[in-house]
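Have a look at the structure below before the remarks.
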Amino acid sequence: MSSRVNIAYGWIIVIAAFLITFITCGVNYSYGVFFLPLVNEFGWSRGLAAGVVLVAGITYAVTLPITGMLADRYGYKWVLTVSTGFLCIGLLLSSQIQSLWQLYIFDGLFIGLSISASFAIPVSLVALWFTRRQGLAVGVATLGISLGTAVIPLLITYLISALGWRTTFLLAGIAVGAICIPLALLMRRPTIAETQNLSANSHGQDSLSIGPSPDDSADTGLSVSEALHTPQFWMLFLVFLFFLLSLGLVMLHIIPYAIDSGMTPVQAATLLTLIGIFGIGGRLASGLVSDKLGIKPVIVFCLLMLACITTWIAFHKDEWTFYLFACIYGFIYSGFVTMMVRITRQVFGAKALGSIFGALMVSDGIGFGVGPWLAGLVFDITGTYQASFISVTVGLIAASILTLIIKPAQMTGRLHT
């Protein structure tokens with residue numbers, strides 16, 4: 001196969017990943033829109049209603065390492081197809097919720113089994129198809145997250161107001177089944193010959209440099225078991241975890257927080273739209289800047305900026321403050337997300353990228369589950385989100401320090417001889 005064909009199919013993978021993340025992330029980030037309608041209809045406390053995110057997060061954390069290993073061993077196509085299938089089923093069943101345990105099963109367990117389709121699998125696959133322009137490719141693929149966040153929660157807000165939350169869940173499930181499952185069937189990792197051509201076309205240049213560059217060809221690196229025994233793995237795990245605690249808090253509770261502060265539901269949903277729109281620029285900018293300067297400066301900048309604006313929103317509740325927060329947060333958080341799979345490949349190589357990134361993204365399940373749940377409990381006790389915002393700020397500062405310490409691991413072995 002020629003290098004031209006390699007590049008062509010690589011960009012097909014990018015487009016498919018973009019569309020999958022657009023829908024799946026947009027839907028998953030919309031639970032904050034469903035949150036108050038469910039609380040108001042059934043009379044649940046915010047801590048109980050946020051518990052569904054904890055169930056999804058635990059399910060995701062437990063199954064994601066297995067998902068990554070299955071993808072590396074049996075192929076990304078089928079694992080991604082099954083994952084999107086769980087999302088489709090969970091959304092369809094959520095339209096029939098009558099009690100809290102059903103919410104936890106349909107919108108917790110089933111959604112948790114699907115979250116790997118929203119980010120880890122598609123983005124890992126894109127990273128395997130590109131070397132020289134990896135920053136651009138990953139940035140374009142993850143634009144789906146930003147655009148999905150910008151469009152789908154606002155659309156769901158209007159659908160809920162017009163059709164009710166049950167019909168909206170049903171329509172979301174149909175959209176996932178009709179669009180994402182067929183796209184998942186297009187996804188595959190490059191063959192051995194294709195990875196050799198891709199490495200040759202890189203001219204020995206790696207755009208991910210964060211220090212002394214090890215051999216980063218697509219068949220070298222650490223196994224997942226080797227990575228788990230390195231300090232780099234656990235430092236990177238904590239960096240991801242502290243970031244995701246912040247992200248989970250914002251994505252679930254920013255809408256209730258804004259409504260509590262006097263904004264209408266549509267105005268509050270617009271905050272997610274702004275986060276998504278400004279995230280587009282953040283993803284592209286971070287990819288391009290990191291290709292020039294390296295990813296560590298980008299990650300440290302993102303973490304410190306997030307710490308600053310998270311502290312700010314804890315003490316300011318004006319309407320303009322929420323809008324400005326959403327714009328800055330979207331730009332900065334999206335830049336960090338684009339870096340996650342890239343620093344994983346740089347530190348541990350590409351040999352078992354899916355497995356290692358899957359193991360690291362256990363932090364996603366913990367952060368996105370525990371953060372919103374604890375914030376809901378704290379709100380039930382104190383009537384405010386202030387303490388939660390301050391807590392995640394401390395974690396973001398700690399993550400920036402850890403990032404400065406991380407060095408590439410020693411590469412060992414080859415996947416194929």
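A note on labels: chains of the structure tokens are A, B, ... as shown, every chain counts residues from 1, and ligands are counted from 1 in their shown order.
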| message | Show me, as a ChimeraX atom specification, the residues that have an atom within 9 Å of Ala175 in chain A when counting only C-alpha atoms, minus same-chain residues fewer than 5 positions from it. | response | /A:23,88,170,180
Keeping only C-alpha atoms, write those residues as a PDB file, in the first residue's frame.
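Writing the result to out.pdb gives the following:
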ATOM      1  CA  ILE A  23     -22.466  12.666  18.971  1.00  0.00           C
ATOM      2  CA  CYS A  88     -27.745   3.481  22.132  1.00  0.00           C
ATOM      3  CA  LEU A 170     -35.485   8.287  22.812  1.00  0.00           C
ATOM      4  CA  CYS A 180     -22.290   6.068  15.298  1.00  0.00           C
TER       5      CYS A 180
END
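The neighbours of Leu249 in chain A here are the residues that come within 6 Å of it, using only C-alpha atoms and leaving out any residue fewer than 3 positions away in the same chain; they are Ser246, Leu252, His253, Gly371 and Pro372 of chain A.
Once range 399-403 of chain A and its same-chain neighbours fewer than 3 positions away are set aside, Met235, Leu236, Leu238, Val239, Phe240, Leu241, Phe242, Phe243, Lys296, Ile299, Val300, Phe301, Cys302, Leu303, Leu304, Val394, Gly395, Leu396, Ile406 and Lys407 of chain A remain within 9 Å of it when counting only C-alpha atoms.
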| query | A:Phe18, A:Phe42, A:Tyr257, A:Tyr31: which is nearest Lys317 in chain A, counting only C-alpha atoms? | reply | A:Tyr257
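Between Ser114 in chain A and the candidates A:Gly365, A:Gly376, A:Gly144, A:Gly75, the tightest atom-to-atom separation, counting only C-alpha atoms, involves A:Gly365.
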| query | Can you tell me, as a VMD selection string, what residues are no more than 7 Å from Ile309 in chain A when counting only C-alpha atoms, ignoring any on the same chain fewer than 4 positions away? | reply | chain A and resid 305 313 325
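With distances restricted to only C-alpha atoms, A:Val151 is the closest residue to Thr273 in chain A from A:Val151, A:Leu377, A:Ile174, A:Leu91.
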| Among the residues A:Phe34, A:Phe106, A:Phe233, A:Phe315, the one that comes closest to Leu159 in chain A [using only C-alpha atoms] | A:Phe34
